[in-house]
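Chemist: Dropping the structure in here first, questions after.
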Amino acid sequence: MISISEVWLNNCYSTVDLRGGNHLQLKSNLSIPVLTTLNNLSIWEEGREITSEEFTGILQYSSKCQALRELMFWSCLLPPSRQAESVSVLRSRNVKVTDVLLYTVVYNHNSSSGGLFLRTFFSFSDELAVSRD
(Lines give C-alpha, C1' and ligand atoms only; values in the text may rest on other atoms or scores of the structure.)
Protein backbone atom coordinates (compact mmCIF):
# COMPACT_ATOMS: atom_id res chain seq x y z
CA MET A 1 0.00 0.00 0.00
CA ILE A 2 1.26 3.48 -0.87
CA SER A 3 0.76 6.06 1.86
CA ILE A 4 -0.29 9.50 0.57
CA SER A 5 -0.25 12.22 3.21
CA GLU A 6 -0.68 15.42 1.17
CA VAL A 7 -2.62 16.31 -1.97
CA TRP A 8 -2.58 19.67 -3.77
CA LEU A 9 -5.22 20.07 -6.46
CA ASN A 10 -3.94 23.03 -8.46
CA ASN A 11 -6.57 24.13 -11.01
CA CYS A 12 -7.37 20.49 -11.78
CA TYR A 13 -10.41 19.80 -9.56
CA SER A 14 -13.57 19.07 -11.53
CA THR A 15 -16.24 17.80 -9.16
CA VAL A 16 -16.93 15.49 -6.26
CA ASP A 17 -19.08 12.39 -6.08
CA LEU A 18 -22.28 14.11 -4.94
CA ARG A 19 -23.89 10.80 -3.98
CA GLY A 20 -21.72 10.33 -0.94
CA GLY A 21 -18.33 11.95 -1.39
CA ASN A 22 -16.51 8.72 -2.25
CA HIS A 23 -14.09 10.29 -4.73
CA LEU A 24 -12.87 13.61 -6.15
CA GLN A 25 -13.02 13.92 -9.93
CA LEU A 26 -10.20 15.74 -11.74
CA LYS A 27 -10.47 17.64 -15.03
CA SER A 28 -8.47 14.82 -16.64
CA ASN A 29 -11.33 12.42 -15.72
CA LEU A 30 -9.08 10.66 -13.21
CA SER A 31 -10.60 10.29 -9.78
CA ILE A 32 -9.07 10.24 -6.32
CA PRO A 33 -10.68 7.71 -3.99
CA VAL A 34 -10.93 8.32 -0.25
CA LEU A 35 -7.36 8.27 1.08
CA THR A 36 -7.20 6.98 4.64
CA THR A 37 -3.61 8.26 5.13
CA LEU A 38 -4.28 11.80 3.85
CA ASN A 39 -3.22 14.51 6.35
CA ASN A 40 -3.56 17.65 4.20
CA LEU A 41 -5.86 18.41 1.29
CA SER A 42 -5.44 21.73 -0.54
CA ILE A 43 -7.75 22.82 -3.33
CA TRP A 44 -6.46 25.73 -5.43
CA GLU A 45 -8.96 26.85 -8.05
CA GLU A 46 -8.08 30.40 -9.02
CA GLY A 47 -11.31 32.41 -9.23
CA ARG A 48 -13.56 29.37 -9.57
CA GLU A 49 -16.88 29.42 -7.78
CA ILE A 50 -17.46 26.27 -5.74
CA THR A 51 -21.19 25.52 -5.52
CA SER A 52 -22.91 24.67 -2.23
CA GLU A 53 -23.35 21.08 -3.41
CA GLU A 54 -19.66 20.75 -4.31
CA PHE A 55 -18.61 22.34 -1.02
CA THR A 56 -20.74 19.87 0.94
CA GLY A 57 -19.39 17.00 -1.20
CA ILE A 58 -15.78 18.05 -0.55
CA LEU A 59 -16.52 18.13 3.18
CA GLN A 60 -18.13 14.67 2.96
CA TYR A 61 -15.09 13.33 1.09
CA SER A 62 -12.76 14.95 3.65
CA SER A 63 -14.67 13.47 6.57
CA LYS A 64 -13.97 9.99 5.18
CA CYS A 65 -10.20 10.62 5.12
CA GLN A 66 -9.47 9.28 8.60
CA ALA A 67 -6.03 10.87 9.06
CA LEU A 68 -7.01 14.33 7.72
CA ARG A 69 -5.76 17.26 9.83
CA GLU A 70 -6.12 20.19 7.43
CA LEU A 71 -8.40 21.14 4.54
CA MET A 72 -7.46 24.34 2.71
CA PHE A 73 -9.27 26.24 -0.03
CA TRP A 74 -6.96 28.53 -2.04
CA SER A 75 -8.31 31.35 -4.25
CA CYS A 76 -11.69 29.62 -4.56
CA LEU A 77 -14.98 31.48 -4.38
CA LEU A 78 -16.76 29.49 -1.72
CA PRO A 79 -20.55 29.57 -1.42
CA PRO A 80 -21.82 32.48 0.69
CA SER A 81 -23.98 30.14 2.74
CA ARG A 82 -21.78 27.51 4.37
CA GLN A 83 -23.76 25.15 6.53
CA ALA A 84 -22.33 24.79 10.04
CA GLU A 85 -23.38 21.12 10.23
CA SER A 86 -21.21 20.28 7.22
CA VAL A 87 -18.07 21.77 8.77
CA SER A 88 -18.80 20.59 12.33
CA VAL A 89 -18.06 16.94 11.48
CA LEU A 90 -14.49 17.88 10.53
CA ARG A 91 -14.03 20.29 13.42
CA SER A 92 -15.16 17.62 15.90
CA ARG A 93 -12.14 15.61 14.69
CA ASN A 94 -9.85 18.67 15.11
CA VAL A 95 -9.49 19.14 11.36
CA LYS A 96 -8.50 22.70 10.53
CA VAL A 97 -10.62 24.08 7.68
CA THR A 98 -9.10 27.22 6.18
CA ASP A 99 -9.92 29.59 3.36
CA VAL A 100 -6.91 31.50 2.00
CA LEU A 101 -8.45 34.80 1.04
CA LEU A 102 -5.55 36.69 -0.50
CA TYR A 103 -1.98 36.12 -1.48
CA THR A 104 0.66 38.54 -2.73
CA VAL A 105 3.98 37.74 -4.34
CA VAL A 106 6.76 40.32 -4.01
CA TYR A 107 10.25 40.16 -5.51
CA ASN A 108 12.90 42.03 -3.53
CA HIS A 109 16.43 42.89 -4.50
CA ASN A 110 19.13 41.55 -2.18
CA SER A 111 21.79 44.28 -2.10
CA SER A 112 24.51 42.04 -0.69
CA SER A 113 24.20 39.28 -3.31
CA GLY A 114 22.77 41.35 -6.15
CA GLY A 115 20.05 38.76 -6.75
CA LEU A 116 16.31 38.74 -6.38
CA PHE A 117 14.47 36.83 -3.73
CA LEU A 118 10.84 35.98 -3.46
CA ARG A 119 8.54 36.86 -0.59
CA THR A 120 5.01 35.58 -0.48
CA PHE A 121 2.47 37.02 1.93
CA PHE A 122 -0.75 35.22 2.74
CA SER A 123 -3.93 36.44 4.38
CA PHE A 124 -5.75 33.60 6.07
CA SER A 125 -9.19 33.30 7.51
CA ASP A 126 -8.25 31.53 10.74
CA GLU A 127 -11.50 29.64 10.91
CA LEU A 128 -13.76 29.12 7.95
CA ALA A 129 -16.82 31.29 8.54
CA VAL A 130 -20.06 29.35 8.40
CA SER A 131 -23.71 30.32 8.59
CA ARG A 132 -26.10 28.68 11.01
CA ASP A 133 -29.09 28.74 8.62
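We label chains A, B, ... in the order they appear in the C-alpha coordinates, count residues from 1 in each chain, and number ligands from 1 in the order shown.
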What's around A:Pro33 at 7 Å? Count only C-alpha atoms, leave out sequence neighbours fewer than 2 positions away in its own chain, and write the answer as a list of chain:residue names.
Modeler: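 So the residues in contact are A:Asn22, A:His23, A:Leu24, A:Ser31, A:Leu35.
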Chemist: Which residues in stretch 32-107 of chain A does DSSP call strand (DSSP E or B)? List them as a list in words.
Modeler: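 Secondary structure check on stretch 32-107 of chain A, strand (DSSP E or B): Ile32, Pro33, Asn40, Leu41, Ser42, Ile43, Trp44, Glu49, Glu70, Leu71, Met72, Phe73, Trp74, Leu77, Gln83, Lys96, Val97, Thr98, Asp99, Val100, Leu101, Leu102, Tyr103, Thr104, Val105, Val106 and Tyr107 of chain A.
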Chemist: For atom CA of A:Val100 and atom CA of A:Thr37, quote the distance in Å rounded to one decimal.
Modeler: 23.7 Å
Chemist: Please list as a list in words every residue within 9 Å of A:Glu6, counting only C-alpha atoms and excluding residues in the same chain fewer than 2 positions away.
Modeler: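 So, after excluding close chain neighbours, the residues are Ile4, Trp8, Thr37, Leu38, Asn39, Asn40, Leu41 and Ser42 of chain A.
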Chemist: Got a sec: who's within 7 Å of A:Gly47, counting only C-alpha atoms, leaving out chain neighbours fewer than 2 positions off, as a PyMOL selection string?
Modeler: chain A and resi 45+49+75-77
Chemist: Can you pull out every residue within 10 Å of A:Gln60, counting only C-alpha atoms, but drop anything in the same chain fewer than 5 positions away, and send it as a PyMOL selection string?
Modeler: chain A and resi 16-23+54-55+65+86-87+89-90
Chemist: DSSP on the backbone, then: every residue of stretch 10-105 of chain A marked helix (DSSP H, G or I), written as a CSV table (one decimal) with all heavy atoms, in the first residue's frame.
Modeler:
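And here is the file that came out, result18.csv:
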chain,number,residue,atom,x,y,z
A,52,SER,N,-22.6,25.2,-3.6
A,52,SER,CA,-22.9,24.7,-2.2
A,52,SER,C,-22.9,23.1,-2.2
A,52,SER,O,-22.4,22.5,-1.3
A,52,SER,CB,-24.3,25.1,-1.8
A,52,SER,OG,-24.3,26.5,-1.6
A,53,GLU,N,-23.3,22.5,-3.3
A,53,GLU,CA,-23.3,21.1,-3.4
A,53,GLU,C,-21.9,20.5,-3.5
A,53,GLU,O,-21.6,19.5,-2.8
A,53,GLU,CB,-24.1,20.6,-4.6
A,53,GLU,CG,-25.6,20.9,-4.6
A,53,GLU,CD,-26.0,22.3,-5.0
A,53,GLU,OE1,-25.1,23.1,-5.6
A,53,GLU,OE2,-27.1,22.8,-4.6
A,54,GLU,N,-21.1,21.2,-4.2
A,54,GLU,CA,-19.7,20.8,-4.3
A,54,GLU,C,-19.0,20.9,-3.0
A,54,GLU,O,-18.2,20.1,-2.5
A,54,GLU,CB,-18.9,21.5,-5.4
A,54,GLU,CG,-19.3,21.2,-6.8
A,54,GLU,CD,-18.5,22.1,-7.8
A,54,GLU,OE1,-18.5,23.3,-7.6
A,54,GLU,OE2,-18.0,21.5,-8.7
A,55,PHE,N,-19.2,22.1,-2.3
A,55,PHE,CA,-18.6,22.3,-1.0
A,55,PHE,C,-19.0,21.3,0.0
A,55,PHE,O,-18.1,20.7,0.7
A,55,PHE,CB,-19.0,23.7,-0.5
A,55,PHE,CG,-18.4,24.1,0.8
A,55,PHE,CD1,-17.1,24.5,0.9
A,55,PHE,CD2,-19.2,24.2,1.9
A,55,PHE,CE1,-16.5,24.8,2.1
A,55,PHE,CE2,-18.7,24.6,3.1
A,55,PHE,CZ,-17.3,24.9,3.2
A,56,THR,N,-20.3,20.9,0.0
A,56,THR,CA,-20.7,19.9,0.9
A,56,THR,C,-20.1,18.5,0.6
A,56,THR,O,-19.7,17.8,1.4
A,56,THR,CB,-22.3,19.8,0.9
A,56,THR,OG1,-22.8,21.0,1.3
A,56,THR,CG2,-22.8,18.7,1.8
A,57,GLY,N,-20.0,18.2,-0.7
A,57,GLY,CA,-19.4,17.0,-1.2
A,57,GLY,C,-17.9,16.9,-0.8
A,57,GLY,O,-17.4,15.8,-0.4
A,58,ILE,N,-17.2,18.0,-0.9
A,58,ILE,CA,-15.8,18.0,-0.5
A,58,ILE,C,-15.6,17.8,1.0
A,58,ILE,O,-14.8,17.0,1.4
A,58,ILE,CB,-15.1,19.4,-0.9
A,58,ILE,CG1,-15.0,19.5,-2.5
A,58,ILE,CG2,-13.8,19.5,-0.3
A,58,ILE,CD1,-14.7,20.9,-3.0
A,59,LEU,N,-16.5,18.4,1.7
A,59,LEU,CA,-16.5,18.1,3.2
A,59,LEU,C,-16.9,16.7,3.5
A,59,LEU,O,-16.2,16.1,4.4
A,59,LEU,CB,-17.5,19.1,3.9
A,59,LEU,CG,-17.1,20.6,3.8
A,59,LEU,CD1,-18.2,21.4,4.5
A,59,LEU,CD2,-15.7,20.8,4.4
A,60,GLN,N,-17.8,16.1,2.8
A,60,GLN,CA,-18.1,14.7,3.0
A,60,GLN,C,-16.9,13.8,2.6
A,60,GLN,O,-16.6,12.9,3.4
A,60,GLN,CB,-19.3,14.3,2.1
A,60,GLN,CG,-20.6,14.8,2.6
A,60,GLN,CD,-21.8,14.4,1.6
A,60,GLN,OE1,-21.6,14.0,0.5
A,60,GLN,NE2,-23.0,14.6,2.1
A,61,TYR,N,-16.3,14.1,1.5
A,61,TYR,CA,-15.1,13.3,1.1
A,61,TYR,C,-14.0,13.5,2.2
A,61,TYR,O,-13.4,12.5,2.6
A,61,TYR,CB,-14.6,13.9,-0.2
A,61,TYR,CG,-13.2,13.3,-0.6
A,61,TYR,CD1,-13.1,12.1,-1.3
A,61,TYR,CD2,-12.0,13.9,-0.2
A,61,TYR,CE1,-11.9,11.6,-1.6
A,61,TYR,CE2,-10.8,13.4,-0.6
A,61,TYR,CZ,-10.7,12.2,-1.3
A,61,TYR,OH,-9.5,11.7,-1.6
A,62,SER,N,-13.8,14.7,2.6
A,62,SER,CA,-12.8,14.9,3.6
A,62,SER,C,-13.0,14.2,5.0
A,62,SER,O,-12.1,13.7,5.6
A,62,SER,CB,-12.7,16.5,3.9
A,62,SER,OG,-12.3,17.1,2.7
A,63,SER,N,-14.3,14.1,5.3
A,63,SER,CA,-14.7,13.5,6.6
A,63,SER,C,-14.4,12.0,6.5
A,63,SER,O,-14.2,11.3,7.6
A,63,SER,CB,-16.1,13.7,6.9
A,63,SER,OG,-17.0,13.0,6.0
A,64,LYS,N,-14.3,11.4,5.3
A,64,LYS,CA,-14.0,10.0,5.2
A,64,LYS,C,-12.5,9.7,5.2
A,64,LYS,O,-12.1,8.6,5.3
A,64,LYS,CB,-14.6,9.5,3.9
A,64,LYS,CG,-16.1,9.5,4.0
A,64,LYS,CD,-16.7,9.0,2.7
A,64,LYS,CE,-18.3,9.0,2.8
A,64,LYS,NZ,-18.9,8.5,1.7
A,84,ALA,N,-23.1,25.1,8.9
A,84,ALA,CA,-22.3,24.8,10.0
A,84,ALA,C,-22.3,23.3,10.3
A,84,ALA,O,-21.2,22.8,10.7
A,84,ALA,CB,-22.9,25.5,11.3
A,85,GLU,N,-23.4,22.6,10.0
A,85,GLU,CA,-23.4,21.1,10.2
A,85,GLU,C,-22.3,20.4,9.4
A,85,GLU,O,-21.7,19.4,9.8
A,85,GLU,CB,-24.8,20.5,9.9
A,85,GLU,CG,-25.9,21.2,10.6
A,85,GLU,CD,-26.4,22.4,9.8
A,85,GLU,OE1,-26.6,22.3,8.6
A,85,GLU,OE2,-26.5,23.5,10.4
A,86,SER,N,-22.2,20.9,8.1
A,86,SER,CA,-21.2,20.3,7.2
A,86,SER,C,-19.8,20.4,7.7
A,86,SER,O,-19.0,19.5,7.6
A,86,SER,CB,-21.3,20.9,5.8
A,86,SER,OG,-22.6,20.8,5.3
A,87,VAL,N,-19.4,21.5,8.3
A,87,VAL,CA,-18.1,21.8,8.8
A,87,VAL,C,-17.9,21.1,10.2
A,87,VAL,O,-16.8,20.7,10.5
A,87,VAL,CB,-17.8,23.3,8.8
A,87,VAL,CG1,-16.4,23.6,9.3
A,87,VAL,CG2,-17.9,23.9,7.4
A,88,SER,N,-18.9,21.1,10.9
A,88,SER,CA,-18.8,20.6,12.3
A,88,SER,C,-18.3,19.2,12.4
A,88,SER,O,-17.6,18.8,13.4
A,88,SER,CB,-20.1,20.7,13.1
A,88,SER,OG,-21.1,19.8,12.5
A,89,VAL,N,-18.6,18.3,11.5
A,89,VAL,CA,-18.1,16.9,11.5
A,89,VAL,C,-16.5,17.0,11.5
A,89,VAL,O,-15.9,16.2,12.2
A,89,VAL,CB,-18.6,16.1,10.3
A,89,VAL,CG1,-17.9,14.8,10.2
A,89,VAL,CG2,-20.1,16.0,10.4
A,90,LEU,N,-16.0,17.8,10.6
A,90,LEU,CA,-14.5,17.9,10.5
A,90,LEU,C,-13.9,18.5,11.8
A,90,LEU,O,-12.9,18.1,12.3
A,90,LEU,CB,-14.1,18.7,9.3
A,90,LEU,CG,-14.4,18.0,7.9
A,90,LEU,CD1,-14.0,18.9,6.8
A,90,LEU,CD2,-13.6,16.7,7.9
A,91,ARG,N,-14.5,19.6,12.2
A,91,ARG,CA,-14.0,20.3,13.4
A,91,ARG,C,-14.1,19.4,14.7
A,91,ARG,O,-13.2,19.5,15.5
A,91,ARG,CB,-14.8,21.6,13.6
A,91,ARG,CG,-14.4,22.6,12.6
A,91,ARG,CD,-15.0,24.0,13.0
A,91,ARG,NE,-14.6,24.9,12.0
A,91,ARG,CZ,-15.2,26.0,11.7
A,91,ARG,NH1,-16.4,26.3,12.3
A,91,ARG,NH2,-14.8,26.9,10.8
A,92,SER,N,-15.1,18.5,14.7
A,92,SER,CA,-15.2,17.6,15.9
A,92,SER,C,-14.0,16.7,15.9
A,92,SER,O,-13.7,16.1,17.0
A,92,SER,CB,-16.5,16.9,15.9
A,92,SER,OG,-16.5,15.9,14.8
Chemist: Could you work out how far atom CA of A:Pro80 lies from atom CA of A:Asn29, giving the answer in Å with one decimal?
Modeler: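 Between atom CA of A:Asn29 and atom CA of A:Pro80 the gap works out to 28.0 Å.
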Chemist: What does the distance between atom CA of A:Met72 and atom CA of A:Arg93 come to in Å, to one decimal place?
Modeler: 15.5 Å
